[in-house]
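Chemist: Below you'll find the structure I mean.
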Amino acid sequence: MGASKNKLTITLVKTINRIIATGDVNAGLKVHPGREHLIYPLGNTVIIEHVTTKEFSQLSGHTNNVSCIAVSPSGNYLASGQVTHMGFKANVIIWDFHRKQQIATLSLHKVKVQDLAFSPNEKYLVTLGGQDDGR
């Protein structure tokens, strides 16, 4: 078991180096609760990458860069927020993790979605707008 744990750590370090080079999303690297997938933003897409096989899926739907990501406690749902330009709404997209499909799109904040969090029972999604939101 010790060798597998070390191998996983090495894999994560290599992946993190690649992600850091692509942008700066605070807490943008998520580990799926099943511990087999990494989830991270890359421009206006969300990447789901299998840790050992390196196979990945792209979740596309945002019109500008992804600014934050949340994973539900069960891992069944993902949420991603984006940043836009002054005067425009910033979307939040809720995704079905297993089907890799959009469930809903919410336009609640202006300019940027700063952070997202699922409630423990997954019935609620808390969204936080950026400093220009005006709420």
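By order in the structure tokens, chains are A, B, ...; within a chain, residues start at 1; ligands start at 1, following the order shown.
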Write out as JSON, numbers by chain all residues of chain A that backbone DSSP assigns to strand (DSSP E).

Modeler: {"A": [30, 31, 37, 38, 39, 40, 41, 42, 45, 46, 47, 48, 49, 50, 56, 57, 58, 59, 60, 66, 67, 68, 69, 70, 71, 77, 78, 79, 80, 81, 82, 89, 90, 91, 92, 93, 94, 95, 96, 101, 102, 103, 104, 105, 106, 107, 108, 109, 110, 113, 114, 115, 116, 117, 118, 125, 126, 127, 128, 129]}

Chemist: Kindly indicate which residue among A:Ala70, A:His85, A:Val113, A:Gly134 lies nearest to Tyr40 (chain A), using only C-alpha atoms for the distances.

Modeler: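 Among the listed residues, the smallest separation from Tyr40 (chain A) belongs to A:Ala70.
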
Chemist: Within 12 Å of Met86 (chain A), counting only C-alpha atoms, which residues qualify if same-chain residues fewer than 5 places away don't, as a ChimeraX atom specification?

Modeler: /A:109-112,130-134

Chemist: Next, write the just-selected residues to a file, as a PDB file, in the first residue's frame, keeping C-alpha atoms as the atom set.

Modeler:
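Contents of again24.pdb, as written:
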```
ATOM      1  CA  HIS A 109     -23.849  37.468 -10.133  1.00  0.00           C
ATOM      2  CA  LYS A 110     -22.248  40.320 -12.038  1.00  0.00           C
ATOM      3  CA  VAL A 111     -18.698  40.060 -13.367  1.00  0.00           C
ATOM      4  CA  LYS A 112     -17.399  37.093 -11.314  1.00  0.00           C
ATOM      5  CA  GLY A 130     -16.983  38.899  -6.625  1.00  0.00           C
ATOM      6  CA  GLN A 131     -16.285  42.423  -5.416  1.00  0.00           C
ATOM      7  CA  ASP A 132     -18.124  44.004  -8.378  1.00  0.00           C
ATOM      8  CA  ASP A 133     -21.322  42.050  -7.780  1.00  0.00           C
ATOM      9  CA  GLY A 134     -23.069  44.883  -5.952  1.00  0.00           C
TER      10      GLY A 134
END
```

Chemist: If you count only C-alpha atoms, which residues fall within 12 Å of Ile93 (chain A), apart from same-chain ones fewer than 6 positions away, as a PDB file with N, CA, C and O atoms, in the first residue's frame?

Modeler:
```
ATOM      1  N   ASN A  44     -12.088  28.208 -20.343  1.00  0.00           N
ATOM      2  CA  ASN A  44     -13.542  28.208 -20.129  1.00  0.00           C
ATOM      3  C   ASN A  44     -14.126  26.799 -20.034  1.00  0.00           C
ATOM      4  O   ASN A  44     -15.316  26.607 -20.200  1.00  0.00           O
ATOM      5  N   THR A  45     -13.287  25.815 -19.760  1.00  0.00           N
ATOM      6  CA  THR A  45     -13.751  24.435 -19.602  1.00  0.00           C
ATOM      7  C   THR A  45     -13.351  23.891 -18.230  1.00  0.00           C
ATOM      8  O   THR A  45     -12.471  24.420 -17.569  1.00  0.00           O
ATOM      9  N   VAL A  46     -14.016  22.824 -17.843  1.00  0.00           N
ATOM     10  CA  VAL A  46     -13.657  22.082 -16.631  1.00  0.00           C
ATOM     11  C   VAL A  46     -13.133  20.727 -17.100  1.00  0.00           C
ATOM     12  O   VAL A  46     -13.769  20.060 -17.915  1.00  0.00           O
ATOM     13  N   LEU A  59     -15.705  19.502 -19.810  1.00  0.00           N
ATOM     14  CA  LEU A  59     -17.059  20.013 -19.634  1.00  0.00           C
ATOM     15  C   LEU A  59     -17.074  21.434 -20.190  1.00  0.00           C
ATOM     16  O   LEU A  59     -16.453  22.327 -19.623  1.00  0.00           O
ATOM     17  N   SER A  60     -17.757  21.617 -21.293  1.00  0.00           N
ATOM     18  CA  SER A  60     -17.804  22.923 -21.958  1.00  0.00           C
ATOM     19  C   SER A  60     -19.185  23.528 -21.809  1.00  0.00           C
ATOM     20  O   SER A  60     -20.185  22.832 -21.922  1.00  0.00           O
ATOM     21  N   GLY A  61     -19.239  24.830 -21.582  1.00  0.00           N
ATOM     22  CA  GLY A  61     -20.509  25.518 -21.446  1.00  0.00           C
ATOM     23  C   GLY A  61     -20.339  26.961 -21.008  1.00  0.00           C
ATOM     24  O   GLY A  61     -21.234  27.778 -21.179  1.00  0.00           O
ATOM     25  N   HIS A  62     -19.186  27.281 -20.441  1.00  0.00           N
ATOM     26  CA  HIS A  62     -18.933  28.648 -20.004  1.00  0.00           C
ATOM     27  C   HIS A  62     -18.537  29.517 -21.205  1.00  0.00           C
ATOM     28  O   HIS A  62     -17.918  29.040 -22.152  1.00  0.00           O
ATOM     29  N   THR A  63     -18.866  30.796 -21.114  1.00  0.00           N
ATOM     30  CA  THR A  63     -18.539  31.737 -22.188  1.00  0.00           C
ATOM     31  C   THR A  63     -17.252  32.498 -21.911  1.00  0.00           C
ATOM     32  O   THR A  63     -16.786  33.242 -22.772  1.00  0.00           O
ATOM     33  N   VAL A  66     -13.288  29.934 -16.306  1.00  0.00           N
ATOM     34  CA  VAL A  66     -13.844  29.382 -15.077  1.00  0.00           C
ATOM     35  C   VAL A  66     -13.075  29.987 -13.903  1.00  0.00           C
ATOM     36  O   VAL A  66     -11.842  30.020 -13.902  1.00  0.00           O
ATOM     37  N   SER A  67     -13.804  30.488 -12.905  1.00  0.00           N
ATOM     38  CA  SER A  67     -13.189  31.162 -11.762  1.00  0.00           C
ATOM     39  C   SER A  67     -13.224  30.335 -10.484  1.00  0.00           C
ATOM     40  O   SER A  67     -12.498  30.633  -9.538  1.00  0.00           O
ATOM     41  N   CYS A  68     -14.074  29.304 -10.413  1.00  0.00           N
ATOM     42  CA  CYS A  68     -14.153  28.464  -9.211  1.00  0.00           C
ATOM     43  C   CYS A  68     -14.880  27.158  -9.534  1.00  0.00           C
ATOM     44  O   CYS A  68     -15.641  27.082 -10.494  1.00  0.00           O
ATOM     45  N   ILE A  69     -14.613  26.161  -8.695  1.00  0.00           N
ATOM     46  CA  ILE A  69     -15.208  24.828  -8.868  1.00  0.00           C
ATOM     47  C   ILE A  69     -15.590  24.281  -7.490  1.00  0.00           C
ATOM     48  O   ILE A  69     -14.878  24.508  -6.513  1.00  0.00           O
ATOM     49  N   ALA A  70     -16.702  23.549  -7.434  1.00  0.00           N
ATOM     50  CA  ALA A  70     -17.090  22.832  -6.219  1.00  0.00           C
ATOM     51  C   ALA A  70     -17.513  21.419  -6.608  1.00  0.00           C
ATOM     52  O   ALA A  70     -18.073  21.205  -7.688  1.00  0.00           O
ATOM     53  N   VAL A  71     -17.253  20.479  -5.719  1.00  0.00           N
ATOM     54  CA  VAL A  71     -17.656  19.086  -5.899  1.00  0.00           C
ATOM     55  C   VAL A  71     -18.592  18.738  -4.746  1.00  0.00           C
ATOM     56  O   VAL A  71     -18.286  19.027  -3.585  1.00  0.00           O
ATOM     57  N   TYR A  77     -22.275  15.550  -8.259  1.00  0.00           N
ATOM     58  CA  TYR A  77     -22.461  16.844  -8.907  1.00  0.00           C
ATOM     59  C   TYR A  77     -21.202  17.695  -8.822  1.00  0.00           C
ATOM     60  O   TYR A  77     -20.449  17.621  -7.857  1.00  0.00           O
ATOM     61  N   LEU A  78     -21.016  18.504  -9.847  1.00  0.00           N
ATOM     62  CA  LEU A  78     -19.983  19.525  -9.866  1.00  0.00           C
ATOM     63  C   LEU A  78     -20.678  20.854 -10.104  1.00  0.00           C
ATOM     64  O   LEU A  78     -21.745  20.903 -10.720  1.00  0.00           O
ATOM     65  N   ALA A  79     -20.067  21.919  -9.664  1.00  0.00           N
ATOM     66  CA  ALA A  79     -20.542  23.255  -9.999  1.00  0.00           C
ATOM     67  C   ALA A  79     -19.320  24.072 -10.393  1.00  0.00           C
ATOM     68  O   ALA A  79     -18.236  23.904  -9.823  1.00  0.00           O
ATOM     69  N   SER A  80     -19.498  24.929 -11.379  1.00  0.00           N
ATOM     70  CA  SER A  80     -18.402  25.790 -11.799  1.00  0.00           C
ATOM     71  C   SER A  80     -18.946  27.191 -12.043  1.00  0.00           C
ATOM     72  O   SER A  80     -20.059  27.362 -12.534  1.00  0.00           O
ATOM     73  N   GLY A  81     -18.153  28.181 -11.658  1.00  0.00           N
ATOM     74  CA  GLY A  81     -18.515  29.578 -11.866  1.00  0.00           C
ATOM     75  C   GLY A  81     -17.521  30.210 -12.813  1.00  0.00           C
ATOM     76  O   GLY A  81     -16.419  29.702 -13.013  1.00  0.00           O
ATOM     77  N   GLN A  82     -17.896  31.343 -13.372  1.00  0.00           N
ATOM     78  CA  GLN A  82     -17.019  31.993 -14.335  1.00  0.00           C
ATOM     79  C   GLN A  82     -16.848  33.465 -14.026  1.00  0.00           C
ATOM     80  O   GLN A  82     -17.530  34.023 -13.188  1.00  0.00           O
ATOM     81  N   LYS A 100     -21.427  13.614 -17.357  1.00  0.00           N
ATOM     82  CA  LYS A 100     -20.642  14.717 -17.932  1.00  0.00           C
ATOM     83  C   LYS A 100     -21.540  15.677 -18.710  1.00  0.00           C
ATOM     84  O   LYS A 100     -21.198  16.139 -19.784  1.00  0.00           O
ATOM     85  N   GLN A 101     -22.706  15.985 -18.138  1.00  0.00           N
ATOM     86  CA  GLN A 101     -23.681  16.862 -18.791  1.00  0.00           C
ATOM     87  C   GLN A 101     -24.120  17.973 -17.853  1.00  0.00           C
ATOM     88  O   GLN A 101     -24.153  17.799 -16.639  1.00  0.00           O
ATOM     89  N   GLN A 102     -24.518  19.104 -18.470  1.00  0.00           N
ATOM     90  CA  GLN A 102     -25.067  20.210 -17.704  1.00  0.00           C
ATOM     91  C   GLN A 102     -26.443  19.842 -17.152  1.00  0.00           C
ATOM     92  O   GLN A 102     -27.250  19.254 -17.860  1.00  0.00           O
ATOM     93  N   ILE A 103     -26.677  20.205 -15.905  1.00  0.00           N
ATOM     94  CA  ILE A 103     -27.994  20.032 -15.301  1.00  0.00           C
ATOM     95  C   ILE A 103     -28.728  21.366 -15.291  1.00  0.00           C
ATOM     96  O   ILE A 103     -29.915  21.433 -15.568  1.00  0.00           O
ATOM     97  N   ALA A 104     -27.996  22.434 -14.962  1.00  0.00           N
ATOM     98  CA  ALA A 104     -28.621  23.762 -14.873  1.00  0.00           C
ATOM     99  C   ALA A 104     -27.568  24.838 -15.070  1.00  0.00           C
ATOM    100  O   ALA A 104     -26.384  24.627 -14.802  1.00  0.00           O
ATOM    101  N   THR A 105     -28.026  26.002 -15.536  1.00  0.00           N
ATOM    102  CA  THR A 105     -27.189  27.197 -15.630  1.00  0.00           C
ATOM    103  C   THR A 105     -27.892  28.312 -14.871  1.00  0.00           C
ATOM    104  O   THR A 105     -29.081  28.557 -15.086  1.00  0.00           O
ATOM    105  N   LEU A 106     -27.159  28.964 -13.987  1.00  0.00           N
ATOM    106  CA  LEU A 106     -27.693  30.049 -13.173  1.00  0.00           C
ATOM    107  C   LEU A 106     -26.918  31.327 -13.483  1.00  0.00           C
ATOM    108  O   LEU A 106     -25.692  31.298 -13.569  1.00  0.00           O
ATOM    109  N   SER A 107     -27.628  32.439 -13.634  1.00  0.00           N
ATOM    110  CA  SER A 107     -26.995  33.742 -13.841  1.00  0.00           C
ATOM    111  C   SER A 107     -27.378  34.631 -12.663  1.00  0.00           C
ATOM    112  O   SER A 107     -28.387  35.336 -12.709  1.00  0.00           O
ATOM    113  N   LEU A 108     -26.582  34.589 -11.612  1.00  0.00           N
ATOM    114  CA  LEU A 108     -26.934  35.252 -10.363  1.00  0.00           C
ATOM    115  C   LEU A 108     -26.037  36.438 -10.025  1.00  0.00           C
ATOM    116  O   LEU A 108     -26.427  37.298  -9.258  1.00  0.00           O
ATOM    117  N   VAL A 113     -18.023  34.983 -10.363  1.00  0.00           N
ATOM    118  CA  VAL A 113     -18.434  34.089  -9.278  1.00  0.00           C
ATOM    119  C   VAL A 113     -17.148  33.772  -8.520  1.00  0.00           C
ATOM    120  O   VAL A 113     -16.217  33.189  -9.072  1.00  0.00           O
ATOM    121  N   LEU A 116     -17.993  28.749  -4.631  1.00  0.00           N
ATOM    122  CA  LEU A 116     -19.173  27.880  -4.634  1.00  0.00           C
ATOM    123  C   LEU A 116     -19.015  26.818  -3.559  1.00  0.00           C
ATOM    124  O   LEU A 116     -17.891  26.394  -3.273  1.00  0.00           O
ATOM    125  N   LEU A 125     -26.828  24.862  -3.177  1.00  0.00           N
ATOM    126  CA  LEU A 125     -25.541  25.321  -3.665  1.00  0.00           C
ATOM    127  C   LEU A 125     -25.411  26.784  -3.265  1.00  0.00           C
ATOM    128  O   LEU A 125     -26.262  27.602  -3.608  1.00  0.00           O
ATOM    129  N   THR A 127     -23.539  30.306  -3.614  1.00  0.00           N
ATOM    130  CA  THR A 127     -22.690  31.007  -4.576  1.00  0.00           C
ATOM    131  C   THR A 127     -22.296  32.351  -3.988  1.00  0.00           C
ATOM    132  O   THR A 127     -23.081  33.002  -3.318  1.00  0.00           O
TER     133      THR A 127
END
```

Chemist: Nearest residue to Phe56 (chain A) out of A:Asp115, A:Pro73, A:Asn121, A:His37, using only C-alpha atoms?

Modeler: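 Nearest candidate to Phe56 (chain A) out of A:Asp115, A:Pro73, A:Asn121, A:His37: A:His37.
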
Chemist: Determine the nearest neighbour of Trp95 (chain A) from the options A:Ile48, A:Val83, A:Asn65, A:Asn26, counting only C-alpha atoms.

Modeler: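 The closest residue to Trp95 (chain A) is A:Ile48.
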
Chemist: Considering only C-alpha atoms, state which residue in the set A:Gln114, A:Asn91, A:Asn64, A:Gln58 is at the smallest distance from Ala27 (chain A).

Modeler: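 Checking each candidate against Ala27 (chain A), we get A:Gln114 as the closest.
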
Chemist: CA of Gly87 (chain A) and CA of Leu128 (chain A), how far apart in Å?

Modeler: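 Distance between the two atoms: 17.0 Å.
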
Chemist: Write out as JSON, numbers by chain all residues of region 14-135 of chain A that backbone DSSP assigns to helix (DSSP H, G or I).

Modeler: {"A": [14, 15, 16, 17, 18, 19, 20]}

Chemist: Can you spit out the residues from that selection as a JSON list (two decimals), in the first residue's frame, using N, CA, C and O atoms?

Modeler:
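Writing done, so here's out32.json:
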```json
[["chain", "number", "residue", "atom", "x", "y", "z"],
["A", 14, "LYS", "N", 3.09, 15.99, -10.69],
["A", 14, "LYS", "CA", 3.24, 16.26, -12.12],
["A", 14, "LYS", "C", 2.01, 16.99, -12.65],
["A", 14, "LYS", "O", 2.13, 17.94, -13.40],
["A", 15, "THR", "N", 0.83, 16.56, -12.28],
["A", 15, "THR", "CA", -0.40, 17.20, -12.75],
["A", 15, "THR", "C", -0.49, 18.62, -12.21],
["A", 15, "THR", "O", -0.83, 19.54, -12.94],
["A", 16, "ILE", "N", -0.17, 18.82, -10.95],
["A", 16, "ILE", "CA", -0.24, 20.16, -10.36],
["A", 16, "ILE", "C", 0.70, 21.11, -11.09],
["A", 16, "ILE", "O", 0.34, 22.25, -11.39],
["A", 17, "ASN", "N", 1.88, 20.67, -11.45],
["A", 17, "ASN", "CA", 2.81, 21.53, -12.19],
["A", 17, "ASN", "C", 2.20, 21.99, -13.51],
["A", 17, "ASN", "O", 2.35, 23.13, -13.91],
["A", 18, "ARG", "N", 1.50, 21.11, -14.18],
["A", 18, "ARG", "CA", 0.88, 21.47, -15.45],
["A", 18, "ARG", "C", -0.26, 22.46, -15.23],
["A", 18, "ARG", "O", -0.43, 23.41, -15.97],
["A", 19, "ILE", "N", -1.03, 22.26, -14.18],
["A", 19, "ILE", "CA", -2.17, 23.14, -13.90],
["A", 19, "ILE", "C", -1.70, 24.53, -13.50],
["A", 19, "ILE", "O", -2.23, 25.53, -13.96],
["A", 20, "ILE", "N", -0.69, 24.62, -12.67],
["A", 20, "ILE", "CA", -0.19, 25.92, -12.22],
["A", 20, "ILE", "C", 0.25, 26.76, -13.42],
["A", 20, "ILE", "O", 0.08, 27.97, -13.44]]
```

Chemist: Out of A:Gly34, A:Phe97, A:Phe118, A:Gly129, which residue has the shortest atom-to-atom distance to Ser57 (chain A) when counting only C-alpha atoms?

Modeler: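 Nearest candidate to Ser57 (chain A) out of A:Gly34, A:Phe97, A:Phe118, A:Gly129: A:Phe97.
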